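Novice: For reference, the file coords13.txt (compact mmCIF, C-alpha atoms and all ligand atoms) is included below:
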```
# COMPACT_ATOMS: atom_id res chain seq x y z
CA MET N 1 -88.03 -70.09 -169.38
CA ILE N 2 -86.89 -73.01 -167.21
CA GLU N 3 -89.06 -76.02 -167.94
CA ARG N 4 -87.32 -78.99 -166.30
CA VAL N 5 -85.08 -79.52 -163.28
CA GLU N 6 -83.86 -83.11 -162.92
CA VAL N 7 -81.24 -85.02 -160.97
CA SER N 8 -80.16 -88.36 -162.41
CA VAL N 9 -78.15 -90.75 -160.26
CA PHE N 10 -75.99 -93.01 -162.41
CA THR N 11 -73.25 -95.60 -161.96
CA THR N 12 -69.72 -95.09 -163.20
CA THR N 13 -66.21 -96.33 -162.42
CA ALA N 14 -63.83 -94.82 -159.90
CA TRP N 15 -60.28 -95.63 -158.83
CA THR N 16 -60.12 -93.46 -155.73
CA ALA N 17 -62.15 -93.78 -152.55
CA VAL N 18 -62.63 -91.78 -149.35
CA ASP N 19 -61.56 -93.18 -146.00
CA PRO N 20 -63.82 -93.10 -142.90
CA HIS N 21 -62.70 -89.49 -142.28
CA GLY N 22 -63.55 -88.37 -145.83
CA HIS N 23 -60.01 -88.16 -147.17
CA ARG N 24 -59.55 -89.46 -150.71
CA HIS N 25 -56.90 -92.09 -151.54
CA PRO N 26 -56.12 -94.33 -154.55
CA SER N 27 -58.18 -97.52 -154.64
CA ALA N 28 -58.86 -100.52 -156.84
CA GLU N 29 -61.31 -99.83 -159.66
CA HIS N 30 -64.88 -100.04 -158.38
CA GLU N 31 -68.39 -98.95 -159.28
CA VAL N 32 -69.71 -95.76 -157.71
CA ARG N 33 -72.90 -93.72 -157.92
CA GLU N 34 -72.61 -90.12 -159.11
CA ALA N 35 -75.32 -87.61 -160.03
CA VAL N 36 -75.91 -84.95 -162.65
CA LEU N 37 -78.24 -81.98 -162.23
CA GLU N 38 -79.86 -80.84 -165.48
CA ILE N 39 -81.77 -77.57 -165.84
CA THR N 40 -83.55 -77.40 -169.21
CA ASP N 41 -85.19 -74.31 -170.69
CA SER N 42 -88.09 -73.98 -173.13
CA ASP N 43 -85.70 -74.06 -176.10
CA GLY N 44 -84.23 -77.35 -174.92
CA VAL N 45 -80.93 -75.82 -173.80
CA VAL N 46 -79.53 -77.86 -170.87
CA GLY N 47 -77.37 -76.55 -168.05
CA ARG N 48 -75.53 -79.45 -166.47
CA VAL N 49 -73.33 -80.01 -163.41
CA GLN N 50 -72.03 -83.16 -161.76
CA ALA N 51 -73.24 -83.41 -158.18
CA HIS N 52 -72.80 -85.64 -155.16
CA PRO N 53 -75.80 -88.03 -155.17
CA ASP N 54 -76.63 -87.32 -151.52
CA GLN N 55 -76.60 -83.52 -151.85
CA LEU N 56 -79.64 -82.87 -154.04
CA ARG N 57 -82.20 -85.28 -152.60
CA PRO N 58 -85.69 -85.40 -154.17
CA ALA N 59 -87.22 -83.68 -151.13
CA VAL N 60 -84.88 -80.71 -151.53
CA LEU N 61 -85.45 -80.55 -155.26
CA GLU N 62 -89.24 -80.72 -154.98
CA SER N 63 -89.78 -78.45 -152.00
CA ILE N 64 -87.05 -75.84 -152.46
CA VAL N 65 -85.38 -75.78 -155.89
CA LYS N 66 -88.17 -76.48 -158.36
CA PRO N 67 -90.67 -73.96 -156.91
CA VAL N 68 -88.05 -71.23 -157.46
CA LEU N 69 -86.75 -72.31 -160.87
CA LEU N 70 -89.69 -73.67 -162.87
CA GLY N 71 -91.08 -70.96 -165.15
CA ALA N 72 -88.27 -68.56 -164.25
CA ASP N 73 -85.87 -66.85 -166.64
CA PRO N 74 -82.43 -68.54 -166.25
CA TRP N 75 -80.82 -65.15 -166.84
CA ASP N 76 -82.29 -63.95 -163.53
CA ARG N 77 -79.52 -65.82 -161.76
CA GLU N 78 -78.97 -63.29 -158.98
CA LEU N 79 -82.70 -63.20 -158.15
CA LEU N 80 -82.97 -67.00 -158.29
CA TRP N 81 -79.87 -67.47 -156.13
CA ARG N 82 -81.21 -65.09 -153.51
CA LYS N 83 -84.62 -66.73 -153.47
CA MET N 84 -83.01 -70.17 -152.94
CA ALA N 85 -80.44 -68.93 -150.41
CA ARG N 86 -83.23 -67.41 -148.35
CA LYS N 87 -84.93 -70.80 -148.21
CA GLN N 88 -81.91 -72.37 -146.50
CA ARG N 89 -82.90 -71.05 -143.08
CA GLY N 90 -86.26 -72.72 -143.23
CA SER N 91 -84.80 -75.95 -144.62
CA HIS N 92 -83.24 -76.57 -141.19
CA GLY N 93 -80.00 -77.78 -142.73
CA ARG N 94 -81.49 -79.89 -145.53
CA PHE N 95 -80.56 -77.39 -148.27
CA THR N 96 -76.80 -76.95 -148.03
CA ASP N 97 -74.49 -74.41 -149.61
CA ARG N 98 -73.10 -77.27 -151.69
CA ALA N 99 -76.56 -78.07 -153.08
CA LEU N 100 -77.21 -74.38 -153.74
CA GLY N 101 -73.84 -74.27 -155.47
CA TYR N 102 -74.77 -77.05 -157.88
CA VAL N 103 -77.95 -75.21 -158.89
CA ASP N 104 -76.18 -71.88 -159.39
CA THR N 105 -73.40 -73.56 -161.38
CA ALA N 106 -75.88 -75.36 -163.66
CA LEU N 107 -77.63 -72.02 -164.28
CA TRP N 108 -74.32 -70.46 -165.36
CA ASP N 109 -73.73 -73.42 -167.71
CA LEU N 110 -77.22 -72.92 -169.16
CA VAL N 111 -76.89 -69.19 -169.81
CA GLY N 112 -73.41 -69.67 -171.27
CA LYS N 113 -74.84 -72.17 -173.72
CA ARG N 114 -77.72 -69.82 -174.53
CA ALA N 115 -75.28 -66.95 -175.16
CA GLY N 116 -72.92 -69.21 -177.13
CA LEU N 117 -70.09 -68.10 -174.82
CA PRO N 118 -67.83 -69.87 -172.32
CA VAL N 119 -68.77 -68.86 -168.76
CA TRP N 120 -65.25 -67.49 -168.11
CA LYS N 121 -65.86 -65.06 -171.01
CA LEU N 122 -69.32 -64.13 -169.71
CA ILE N 123 -67.77 -63.33 -166.33
CA GLY N 124 -65.12 -61.09 -167.80
CA GLY N 125 -62.53 -62.91 -169.87
CA ALA N 126 -59.61 -61.86 -167.66
CA ARG N 127 -57.25 -64.60 -168.90
CA SER N 128 -57.30 -67.57 -171.24
CA ARG N 129 -55.09 -69.81 -169.13
CA VAL N 130 -54.08 -70.13 -165.48
CA PRO N 131 -51.09 -71.81 -163.77
CA ALA N 132 -52.01 -74.90 -161.75
CA TYR N 133 -50.62 -76.07 -158.46
CA ALA N 134 -50.42 -79.76 -157.71
CA SER N 135 -52.65 -80.52 -154.73
CA THR N 136 -51.66 -83.85 -153.21
CA MET N 137 -53.93 -86.33 -151.55
CA CYS N 138 -53.54 -86.69 -147.79
CA GLY N 139 -50.74 -88.91 -146.53
CA ASP N 140 -51.24 -92.66 -146.25
CA GLU N 141 -49.54 -95.93 -145.34
CA ILE N 142 -49.12 -97.10 -148.94
CA PRO N 143 -45.53 -98.21 -149.66
CA GLY N 144 -44.15 -95.80 -152.29
CA GLY N 145 -47.32 -93.74 -151.99
CA LEU N 146 -47.39 -90.78 -149.59
CA SER N 147 -46.34 -92.74 -146.52
CA THR N 148 -43.04 -91.02 -145.65
CA PRO N 149 -41.37 -87.62 -146.11
CA GLY N 150 -39.23 -89.32 -148.74
CA ASP N 151 -42.36 -90.36 -150.67
CA TYR N 152 -43.54 -86.73 -150.70
CA ALA N 153 -40.10 -85.60 -151.86
CA GLU N 154 -40.01 -88.18 -154.65
CA PHE N 155 -43.51 -87.29 -155.80
CA ALA N 156 -42.69 -83.56 -155.69
CA LYS N 157 -39.78 -84.11 -158.07
CA GLN N 158 -42.09 -85.97 -160.46
CA LEU N 159 -44.64 -83.13 -160.27
CA VAL N 160 -42.01 -80.52 -161.12
CA GLU N 161 -40.88 -82.75 -163.97
CA ARG N 162 -44.53 -82.83 -165.17
CA GLY N 163 -44.52 -79.01 -165.38
CA TYR N 164 -46.05 -77.86 -162.09
CA ARG N 165 -44.55 -74.66 -160.65
CA ALA N 166 -46.30 -75.02 -157.29
CA ILE N 167 -47.18 -77.90 -155.01
CA LYS N 168 -49.55 -78.07 -152.05
CA LEU N 169 -49.12 -80.86 -149.53
CA HIS N 170 -52.01 -82.41 -147.67
CA THR N 171 -50.20 -84.43 -145.04
CA TRP N 172 -51.21 -87.29 -142.77
CA MET N 173 -54.70 -87.20 -141.26
CA PRO N 174 -56.72 -89.74 -139.21
CA PRO N 175 -57.31 -92.60 -139.57
CA VAL N 176 -53.54 -92.84 -140.28
CA PRO N 177 -52.05 -93.76 -136.88
CA GLY N 178 -50.42 -90.83 -135.06
CA ALA N 179 -51.93 -88.22 -137.36
CA PRO N 180 -52.15 -85.28 -137.33
CA SER N 181 -48.62 -84.61 -136.15
CA VAL N 182 -46.76 -81.30 -136.30
CA ARG N 183 -43.43 -83.14 -136.34
CA ALA N 184 -44.47 -85.37 -139.26
CA ASP N 185 -45.87 -82.39 -141.17
CA ILE N 186 -42.62 -80.47 -140.73
CA ALA N 187 -40.59 -83.50 -141.86
CA ALA N 188 -42.65 -83.79 -145.05
CA CYS N 189 -42.42 -80.04 -145.75
CA GLU N 190 -38.64 -80.06 -145.19
CA ALA N 191 -38.16 -83.07 -147.48
CA VAL N 192 -40.17 -81.49 -150.29
CA ARG N 193 -38.38 -78.12 -150.05
CA GLU N 194 -35.05 -79.99 -150.09
CA ALA N 195 -36.15 -82.01 -153.14
CA VAL N 196 -37.47 -79.19 -155.36
CA GLY N 197 -35.22 -76.30 -154.37
CA PRO N 198 -36.10 -72.65 -153.69
CA SER N 199 -37.89 -71.69 -156.92
CA VAL N 200 -40.99 -73.89 -156.61
CA ALA N 201 -43.89 -72.37 -154.65
CA LEU N 202 -44.86 -74.71 -151.81
CA MET N 203 -47.98 -74.66 -149.65
CA LEU N 204 -49.18 -76.76 -146.73
CA ASP N 205 -52.82 -77.60 -146.17
CA ALA N 206 -52.73 -78.91 -142.64
CA ASN N 207 -56.38 -79.85 -142.93
CA HIS N 208 -57.44 -78.49 -139.47
CA TRP N 209 -57.63 -79.67 -135.81
CA TYR N 210 -54.38 -78.20 -134.54
CA SER N 211 -54.43 -75.94 -131.47
CA ARG N 212 -53.19 -72.36 -131.69
CA THR N 213 -49.78 -73.28 -130.28
CA GLU N 214 -49.40 -76.31 -132.57
CA ALA N 215 -50.39 -74.18 -135.56
CA LEU N 216 -47.86 -71.53 -134.50
CA GLU N 217 -45.05 -74.10 -134.22
CA LEU N 218 -45.92 -75.50 -137.65
CA GLY N 219 -46.22 -72.02 -139.16
CA ARG N 220 -42.82 -70.98 -137.82
CA ALA N 221 -41.27 -74.03 -139.55
CA LEU N 222 -42.97 -73.06 -142.81
CA GLU N 223 -41.46 -69.58 -142.51
CA ASP N 224 -37.99 -71.11 -142.28
CA LEU N 225 -38.77 -73.21 -145.38
CA ASP N 226 -40.12 -70.20 -147.30
CA TYR N 227 -43.57 -71.70 -147.90
CA TYR N 228 -46.00 -69.67 -149.98
CA TRP N 229 -49.11 -70.17 -147.85
CA PHE N 230 -50.36 -72.01 -144.76
CA GLU N 231 -53.88 -73.45 -144.98
CA GLU N 232 -56.49 -74.69 -142.55
CA PRO N 233 -54.35 -75.71 -139.54
CA MET N 234 -57.26 -75.11 -137.16
CA GLU N 235 -61.04 -75.31 -137.13
CA GLU N 236 -62.15 -72.39 -139.30
CA ALA N 237 -65.14 -71.57 -137.10
CA SER N 238 -62.72 -69.73 -134.80
CA ILE N 239 -61.92 -66.49 -136.63
CA SER N 240 -60.13 -65.11 -133.57
CA SER N 241 -57.71 -68.08 -133.64
CA TYR N 242 -56.81 -67.27 -137.21
CA ARG N 243 -56.41 -63.58 -136.39
CA TRP N 244 -54.11 -64.61 -133.51
CA LEU N 245 -52.08 -66.85 -135.84
CA SER N 246 -51.91 -64.42 -138.77
CA GLU N 247 -50.63 -61.65 -136.51
CA GLN N 248 -47.68 -63.80 -135.44
CA LEU N 249 -46.63 -65.39 -138.72
CA SER N 250 -44.90 -64.01 -141.79
CA VAL N 251 -45.95 -67.00 -143.90
CA PRO N 252 -49.33 -65.97 -145.44
CA VAL N 253 -52.32 -67.62 -143.81
CA ILE N 254 -55.10 -68.50 -146.27
CA GLY N 255 -58.75 -69.13 -145.56
CA PRO N 256 -61.48 -69.92 -145.01
CA GLU N 257 -62.10 -72.97 -147.15
CA VAL N 258 -65.03 -74.71 -145.48
CA ALA N 259 -66.32 -72.13 -142.95
CA TRP N 260 -70.04 -71.57 -143.44
CA GLY N 261 -71.39 -68.20 -144.42
CA LYS N 262 -70.57 -67.82 -148.13
CA HIS N 263 -69.06 -64.44 -149.10
CA LEU N 264 -70.41 -62.87 -145.89
CA SER N 265 -68.18 -64.90 -143.55
CA ARG N 266 -65.30 -64.14 -145.88
CA ALA N 267 -65.90 -60.44 -145.36
CA GLU N 268 -65.50 -61.08 -141.62
CA TRP N 269 -62.23 -62.96 -142.19
CA VAL N 270 -60.85 -60.09 -144.26
CA THR N 271 -61.91 -57.25 -141.98
CA SER N 272 -60.81 -59.07 -138.81
CA GLY N 273 -57.33 -59.80 -140.19
CA ALA N 274 -57.83 -63.58 -139.92
CA CYS N 275 -56.17 -64.26 -143.26
CA ASP N 276 -53.60 -62.77 -145.64
CA ILE N 277 -55.07 -64.57 -148.65
CA LEU N 278 -58.81 -65.20 -148.94
CA ARG N 279 -60.24 -68.53 -150.07
CA ALA N 280 -63.56 -69.50 -151.66
CA GLY N 281 -64.87 -72.21 -153.94
CA PRO N 282 -68.08 -72.74 -155.94
CA THR N 283 -68.79 -75.97 -154.03
CA ASP N 284 -68.21 -74.29 -150.65
CA VAL N 285 -69.94 -70.92 -150.81
CA GLY N 286 -73.06 -71.68 -152.86
CA GLY N 287 -71.87 -71.54 -156.43
CA ILE N 288 -70.11 -69.35 -158.97
CA SER N 289 -72.16 -66.26 -158.09
CA PRO N 290 -71.04 -65.95 -154.42
CA THR N 291 -67.51 -67.03 -155.33
CA LEU N 292 -67.32 -64.00 -157.62
CA LYS N 293 -68.51 -61.82 -154.74
CA ALA N 294 -65.68 -63.19 -152.56
CA LEU N 295 -63.16 -62.56 -155.34
CA HIS N 296 -64.34 -58.99 -155.80
CA LEU N 297 -64.36 -58.44 -152.03
CA ALA N 298 -60.73 -59.58 -151.84
CA GLU N 299 -59.80 -57.38 -154.79
CA ALA N 300 -61.19 -54.34 -152.94
CA PHE N 301 -58.68 -55.11 -150.14
CA ASN N 302 -55.80 -55.75 -152.54
CA MET N 303 -55.95 -59.41 -151.54
CA ASP N 304 -55.61 -62.55 -153.58
CA CYS N 305 -58.50 -64.99 -153.30
CA GLU N 306 -57.46 -68.56 -154.09
CA ILE N 307 -60.16 -70.86 -155.42
CA HIS N 308 -60.82 -74.18 -153.68
CA GLY N 309 -61.23 -77.27 -155.77
CA ASP N 310 -60.72 -78.46 -159.32
CA GLY N 311 -63.23 -78.58 -162.16
CA SER N 312 -65.00 -76.37 -164.65
CA ALA N 313 -66.67 -74.00 -162.17
CA SER N 314 -63.33 -73.17 -160.51
CA LEU N 315 -61.76 -72.69 -163.94
CA ALA N 316 -64.61 -70.38 -164.98
CA VAL N 317 -64.16 -67.97 -162.06
CA LEU N 318 -60.37 -68.01 -162.53
CA GLY N 319 -60.74 -67.21 -166.22
CA GLY N 320 -63.14 -64.37 -165.51
CA THR N 321 -61.09 -62.65 -162.80
CA ASP N 322 -57.41 -62.21 -161.97
CA ASN N 323 -56.89 -62.00 -158.22
CA GLY N 324 -56.65 -65.77 -157.79
CA ARG N 325 -53.18 -66.84 -158.85
CA TRP N 326 -53.57 -70.60 -159.10
CA TYR N 327 -55.86 -73.40 -160.20
CA GLU N 328 -55.97 -76.23 -157.65
CA ARG N 329 -55.37 -79.39 -159.70
CA GLY N 330 -55.96 -82.54 -157.74
CA LEU N 331 -56.10 -84.42 -155.70
CA LEU N 332 -52.89 -86.09 -156.91
CA HIS N 333 -51.01 -89.20 -155.81
CA PRO N 334 -48.10 -91.23 -157.24
CA HIS N 335 -50.41 -94.22 -157.68
CA HIS N 336 -53.32 -92.29 -159.22
CA ASP N 337 -53.65 -91.30 -162.89
CA PHE N 338 -55.46 -87.96 -162.51
CA ASP N 339 -55.67 -87.57 -166.31
CA ARG N 340 -57.63 -90.77 -166.85
CA VAL N 341 -61.13 -90.04 -168.21
CA PRO N 342 -63.98 -91.68 -166.26
CA PRO N 343 -66.70 -93.49 -168.25
CA HIS N 344 -69.26 -90.73 -167.72
CA ARG N 345 -67.08 -88.10 -169.34
CA LEU N 346 -65.58 -87.71 -172.84
CA ALA N 347 -62.60 -85.67 -171.60
CA ILE N 348 -61.20 -84.28 -168.35
CA ALA N 349 -62.01 -80.64 -167.60
CA ASP N 350 -58.48 -79.45 -166.91
CA PRO N 351 -55.67 -80.85 -169.06
CA LEU N 352 -52.29 -79.52 -167.96
CA ASP N 353 -49.86 -78.24 -170.60
CA ASP N 354 -46.09 -78.72 -170.40
CA GLU N 355 -45.62 -75.29 -168.85
CA GLY N 356 -47.94 -76.16 -165.96
CA PHE N 357 -50.95 -74.17 -167.19
CA VAL N 358 -54.61 -75.12 -167.73
CA THR N 359 -56.24 -73.43 -170.71
CA MET N 360 -59.80 -72.13 -170.47
CA PRO N 361 -62.41 -74.06 -172.47
CA ALA N 362 -63.63 -72.66 -175.79
CA ALA N 363 -67.04 -74.35 -175.67
CA PRO N 364 -70.14 -72.38 -174.60
CA GLY N 365 -71.12 -72.84 -170.97
CA LEU N 366 -68.74 -74.47 -168.51
CA GLY N 367 -67.19 -76.73 -171.13
CA ASP N 368 -67.74 -80.05 -169.35
CA GLU N 369 -67.82 -82.91 -171.84
CA PHE N 370 -70.22 -85.42 -170.28
CA ASP N 371 -70.91 -88.76 -171.95
CA VAL N 372 -74.67 -88.21 -171.90
CA GLU N 373 -75.26 -91.63 -173.46
CA HIS N 374 -73.37 -93.36 -170.63
CA ILE N 375 -75.32 -91.36 -168.06
CA ARG N 376 -78.64 -92.26 -169.66
CA GLN N 377 -77.76 -95.95 -169.94
CA HIS N 378 -76.46 -96.16 -166.37
CA THR N 379 -79.10 -94.05 -164.63
CA VAL N 380 -80.37 -95.86 -161.54
CA GLU N 381 -82.56 -93.17 -159.95
O1 LIG N 401 -62.60 -83.21 -149.31
C1 LIG N 401 -62.03 -82.18 -149.03
O2 LIG N 401 -62.13 -81.57 -147.96
C2 LIG N 401 -61.17 -81.58 -150.09
O3 LIG N 401 -60.81 -82.53 -151.05
C3 LIG N 401 -59.91 -81.10 -149.50
O4 LIG N 401 -59.24 -82.13 -148.89
C4 LIG N 401 -59.01 -80.54 -150.53
O5 LIG N 401 -59.70 -80.27 -151.72
C5 LIG N 401 -58.47 -79.25 -149.99
O6 LIG N 401 -58.42 -79.05 -148.80
N1 LIG N 401 -58.07 -78.39 -150.86
O7 LIG N 401 -57.57 -77.20 -150.43
MG MG N 402 -57.77 -77.07 -148.35
```
As a first step, turn the structure in this file into structure tokens.
Ligand SMILES: O=C(O)[C@H](O)[C@@H](O)[C@@H](O)C(=O)NO
Ligand SMILES: [Mg+2]
Specialist:
Amino acid sequence: MIERVEVSVFTTTAWTAVDPHGHRHPSAEHEVREAVLEITDSDGVVGRVQAHPDQLRPAVLESIVKPVLLGADPWDRELLWRKMARKQRGSHGRFTDRALGYVDTALWDLVGKRAGLPVWKLIGGARSRVPAYASTMCGDEIPGGLSTPGDYAEFAKQLVERGYRAIKLHTWMPPVPGAPSVRADIAACEAVREAVGPSVALMLDANHWYSRTEALELGRALEDLDYYWFEEPMEEASISSYRWLSEQLSVPVIGPEVAWGKHLSRAEWVTSGACDILRAGPTDVGGISPTLKALHLAEAFNMDCEIHGDGSASLAVLGGTDNGRWYERGLLHPHHDFDRVPPHRLAIADPLDDEGFVTMPAAPGLGDEFDVEHIRQHTVE
């Protein structure tokens, strides 16, 4: 049975930071606070997931999560997920899908460790490695960073050299002056296509806020450049806008990434023709369990479902199913060493091989290698 549910907030070192609009960029090394959720059963087996310190506040843990989990069988994951998900309504926004996702993910890690199996095997063992696409950081004003179309082109060549067979651009967003700009986005997409040639799959994540007509203009340019998918050009709350766009474009429209509603809203996107490729991620839809439901939903419509975000939970669902074609590795930047191991970990979760693939972990559970000693010694809450 589950005996302990604890969140530890600890300090560690980071070398990226988010700007006032939440977009991540390279930064000088600095101390940050991270959190780890640990669910421990009566045999001392610990399910662990890294979490954002502000997402699993003590009030949420005490009033919503612990009453459901303590004394429960961790194998009853579907029952536990449903019990917690049905408490979201009454939490009046305090218990988010992201928080629910951390709990579900930690439960998968726990049962994988109990079974002595990697989670991707538990889910179905569909493949032992998956090709990664390079997902860039948003554009910036850093000289030689991602400040011009030429910077994107130069970085794209380096990424292909590194082994990537696909690249997704996040272009310029506020607070960069003049962003977002259809013209600037097109210039970056043209420069990258020119730099890497026709055989590399290219995607644009416009990161929302365009109008229908701006999105259409941008989408038409992507068609001419033979882009592989077009992501999040508009607010995803408007399904009808995406249906309108998808009907007019031949470049596949993918979504939703951040729209609320878990696998249920994704059923609406599929049946209303709002997307050609579905999208879901364990941090967006409430964990591994609903992400699998979105993947299986897409499969029933002969659709791919591309997984949002890097990390062990995304890898697990990609290893257990096969209608997501890519692992999103990022966010990447010419001035950021994505492979550098932070102090609270013993290894990164997703090393890339020379062919551009990430191999599934062999360890039981999710395979994250946390430096538990560092976390203990640097716990502040
Ligand atoms: O913070 C975010 O919204 C994500 O990092 C996002 O920018 C990026 O992961 C994304 O959009 N991927 O598709
Ligand atoms: Mg995205």
Novice: Kindly assemble as CSV a list of the range 17-98 of chain N residues that lie within 10 Å of range 128-151 of chain N, each paired with its nearest atom pair and their distance in Å to one decimal, using only C-alpha atoms, sorted first by chain and then by ascending residue number.
Specialist:
```
residue,atom,partner,partner_atom,distance
N:His23,CA,N:Cys138,CA,6.7
N:Arg24,CA,N:Met137,CA,6.5
N:His25,CA,N:Met137,CA,6.5
N:Pro26,CA,N:Met137,CA,8.8
```
Novice: Please report as CSV every residue of chain N lying within 8 Å of ligand MG 402 (chain N), along with the nearest atom pair and their distance in Å (one decimal), using only C-alpha atoms and all ligand atoms.
Specialist:
```
residue,atom,partner,partner_atom,distance
N:His170,CA,N:MG402,MG,7.9
N:Asp205,CA,N:MG402,MG,5.4
N:Ala206,CA,N:MG402,MG,7.8
N:Asn207,CA,N:MG402,MG,6.2
N:Glu231,CA,N:MG402,MG,6.3
N:Glu232,CA,N:MG402,MG,6.4
N:Glu257,CA,N:MG402,MG,6.1
N:His308,CA,N:MG402,MG,6.8
```
Novice: One decimal, Å: what's the distance from CA of Ala259 in chain N over to atom O6 of ligand LIG 401 (chain N), could you say?
Specialist: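 Pair CA of Ala259 in chain N / atom O6 of ligand LIG 401 (chain N) returns 12.0 Å.
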Novice: Kindly give the distance, in Å, that separates CA of Ala188 in chain N and CA of Ser246 in chain N, rounded to a single decimal.
Specialist: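 The value is 22.4 Å.
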Novice: Would you list the contacts of Asp54 in chain N as a list in words, taking every protein, DNA or RNA residue within 10 Å and counting only C-alpha atoms, but skipping same-chain residues closer than 4 positions in sequence?
Specialist: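 These residues fall inside the cut-off: Val9, Arg33, Glu34, Ala35, Pro58 and Ala99 of chain N.
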Novice: Find the residue from N:Val49, N:Leu249, N:Leu61, N:Cys305 that sits nearest to Leu218 in chain N; use all atoms listed in the file when measuring.
Specialist: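 Smallest distance to Leu218 in chain N is found for N:Leu249.
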Novice: May I have the residues within 10 Å of Pro74 in chain N as a list in words, using all atoms listed in the file and disregarding those fewer than 4 positions away in the same chain?
Specialist: Met1, Ile2, Ile39, Thr40, Asp41, Gly47, Leu69, Leu70, Glu78, Leu79, Leu80, Asp104, Ala106, Leu107, Trp108, Leu110, Val111 and Arg114 of chain N
Novice: Please fill the gaps in range 167-172 of chain N so it has all heavy atoms, and write that as a PDB file, in the coordinates of the input.
Specialist:
```pdb
ATOM      1  N   ILE N 167     -46.685 -76.633-155.568  1.00  0.00           N
ATOM      2  CA  ILE N 167     -47.180 -77.900-155.010  1.00  0.00           C
ATOM      3  C   ILE N 167     -47.758 -77.639-153.625  1.00  0.00           C
ATOM      4  O   ILE N 167     -47.122 -76.947-152.817  1.00  0.00           O
ATOM      5  CB  ILE N 167     -46.039 -78.937-154.865  1.00  0.00           C
ATOM      6  CG1 ILE N 167     -45.400 -79.239-156.229  1.00  0.00           C
ATOM      7  CG2 ILE N 167     -46.554 -80.228-154.217  1.00  0.00           C
ATOM      8  CD1 ILE N 167     -44.098 -80.041-156.125  1.00  0.00           C
ATOM      9  N   LYS N 168     -48.969 -78.158-153.392  1.00  0.00           N
ATOM     10  CA  LYS N 168     -49.550 -78.070-152.050  1.00  0.00           C
ATOM     11  C   LYS N 168     -49.620 -79.470-151.453  1.00  0.00           C
ATOM     12  O   LYS N 168     -50.179 -80.387-152.065  1.00  0.00           O
ATOM     13  CB  LYS N 168     -50.939 -77.442-152.075  1.00  0.00           C
ATOM     14  CG  LYS N 168     -51.549 -77.284-150.692  1.00  0.00           C
ATOM     15  CD  LYS N 168     -52.764 -76.384-150.713  1.00  0.00           C
ATOM     16  CE  LYS N 168     -54.003 -77.144-151.072  1.00  0.00           C
ATOM     17  NZ  LYS N 168     -55.215 -76.259-151.012  1.00  0.00           N
ATOM     18  N   LEU N 169     -49.068 -79.587-150.238  1.00  0.00           N
ATOM     19  CA  LEU N 169     -49.120 -80.860-149.530  1.00  0.00           C
ATOM     20  C   LEU N 169     -50.359 -80.906-148.650  1.00  0.00           C
ATOM     21  O   LEU N 169     -50.621 -79.947-147.927  1.00  0.00           O
ATOM     22  CB  LEU N 169     -47.900 -81.035-148.618  1.00  0.00           C
ATOM     23  CG  LEU N 169     -46.525 -81.311-149.194  1.00  0.00           C
ATOM     24  CD1 LEU N 169     -45.962 -80.051-149.853  1.00  0.00           C
ATOM     25  CD2 LEU N 169     -45.573 -81.753-148.082  1.00  0.00           C
ATOM     26  N   HIS N 170     -51.103 -82.010-148.734  1.00  0.00           N
ATOM     27  CA  HIS N 170     -52.010 -82.410-147.670  1.00  0.00           C
ATOM     28  C   HIS N 170     -51.255 -83.538-146.990  1.00  0.00           C
ATOM     29  O   HIS N 170     -50.884 -84.510-147.674  1.00  0.00           O
ATOM     30  CB  HIS N 170     -53.337 -82.953-148.229  1.00  0.00           C
ATOM     31  CG  HIS N 170     -54.205 -81.914-148.834  1.00  0.00           C
ATOM     32  ND1 HIS N 170     -54.249 -81.638-150.190  1.00  0.00           N
ATOM     33  CD2 HIS N 170     -55.088 -81.065-148.265  1.00  0.00           C
ATOM     34  CE1 HIS N 170     -55.126 -80.685-150.429  1.00  0.00           C
ATOM     35  NE2 HIS N 170     -55.639 -80.320-149.298  1.00  0.00           N
ATOM     36  N   THR N 171     -51.024 -83.416-145.688  1.00  0.00           N
ATOM     37  CA  THR N 171     -50.200 -84.430-145.040  1.00  0.00           C
ATOM     38  C   THR N 171     -51.062 -85.474-144.354  1.00  0.00           C
ATOM     39  O   THR N 171     -52.197 -85.659-144.734  1.00  0.00           O
ATOM     40  CB  THR N 171     -49.248 -83.722-144.048  1.00  0.00           C
ATOM     41  OG1 THR N 171     -49.981 -82.714-143.346  1.00  0.00           O
ATOM     42  CG2 THR N 171     -48.113 -83.051-144.811  1.00  0.00           C
ATOM     43  N   TRP N 172     -50.502 -86.140-143.315  1.00  0.00           N
ATOM     44  CA  TRP N 172     -51.210 -87.290-142.770  1.00  0.00           C
ATOM     45  C   TRP N 172     -52.362 -86.849-141.858  1.00  0.00           C
ATOM     46  O   TRP N 172     -52.217 -85.934-141.056  1.00  0.00           O
ATOM     47  CB  TRP N 172     -50.220 -88.159-141.979  1.00  0.00           C
ATOM     48  CG  TRP N 172     -49.156 -88.732-142.855  1.00  0.00           C
ATOM     49  CD1 TRP N 172     -49.221 -89.883-143.597  1.00  0.00           C
ATOM     50  CD2 TRP N 172     -47.867 -88.162-143.142  1.00  0.00           C
ATOM     51  NE1 TRP N 172     -48.059 -90.073-144.301  1.00  0.00           N
ATOM     52  CE2 TRP N 172     -47.214 -89.032-144.021  1.00  0.00           C
ATOM     53  CE3 TRP N 172     -47.193 -87.016-142.698  1.00  0.00           C
ATOM     54  CZ2 TRP N 172     -45.933 -88.794-144.501  1.00  0.00           C
ATOM     55  CZ3 TRP N 172     -45.920 -86.767-143.178  1.00  0.00           C
ATOM     56  CH2 TRP N 172     -45.294 -87.653-144.062  1.00  0.00           C
TER      57      TRP N 172
END
```
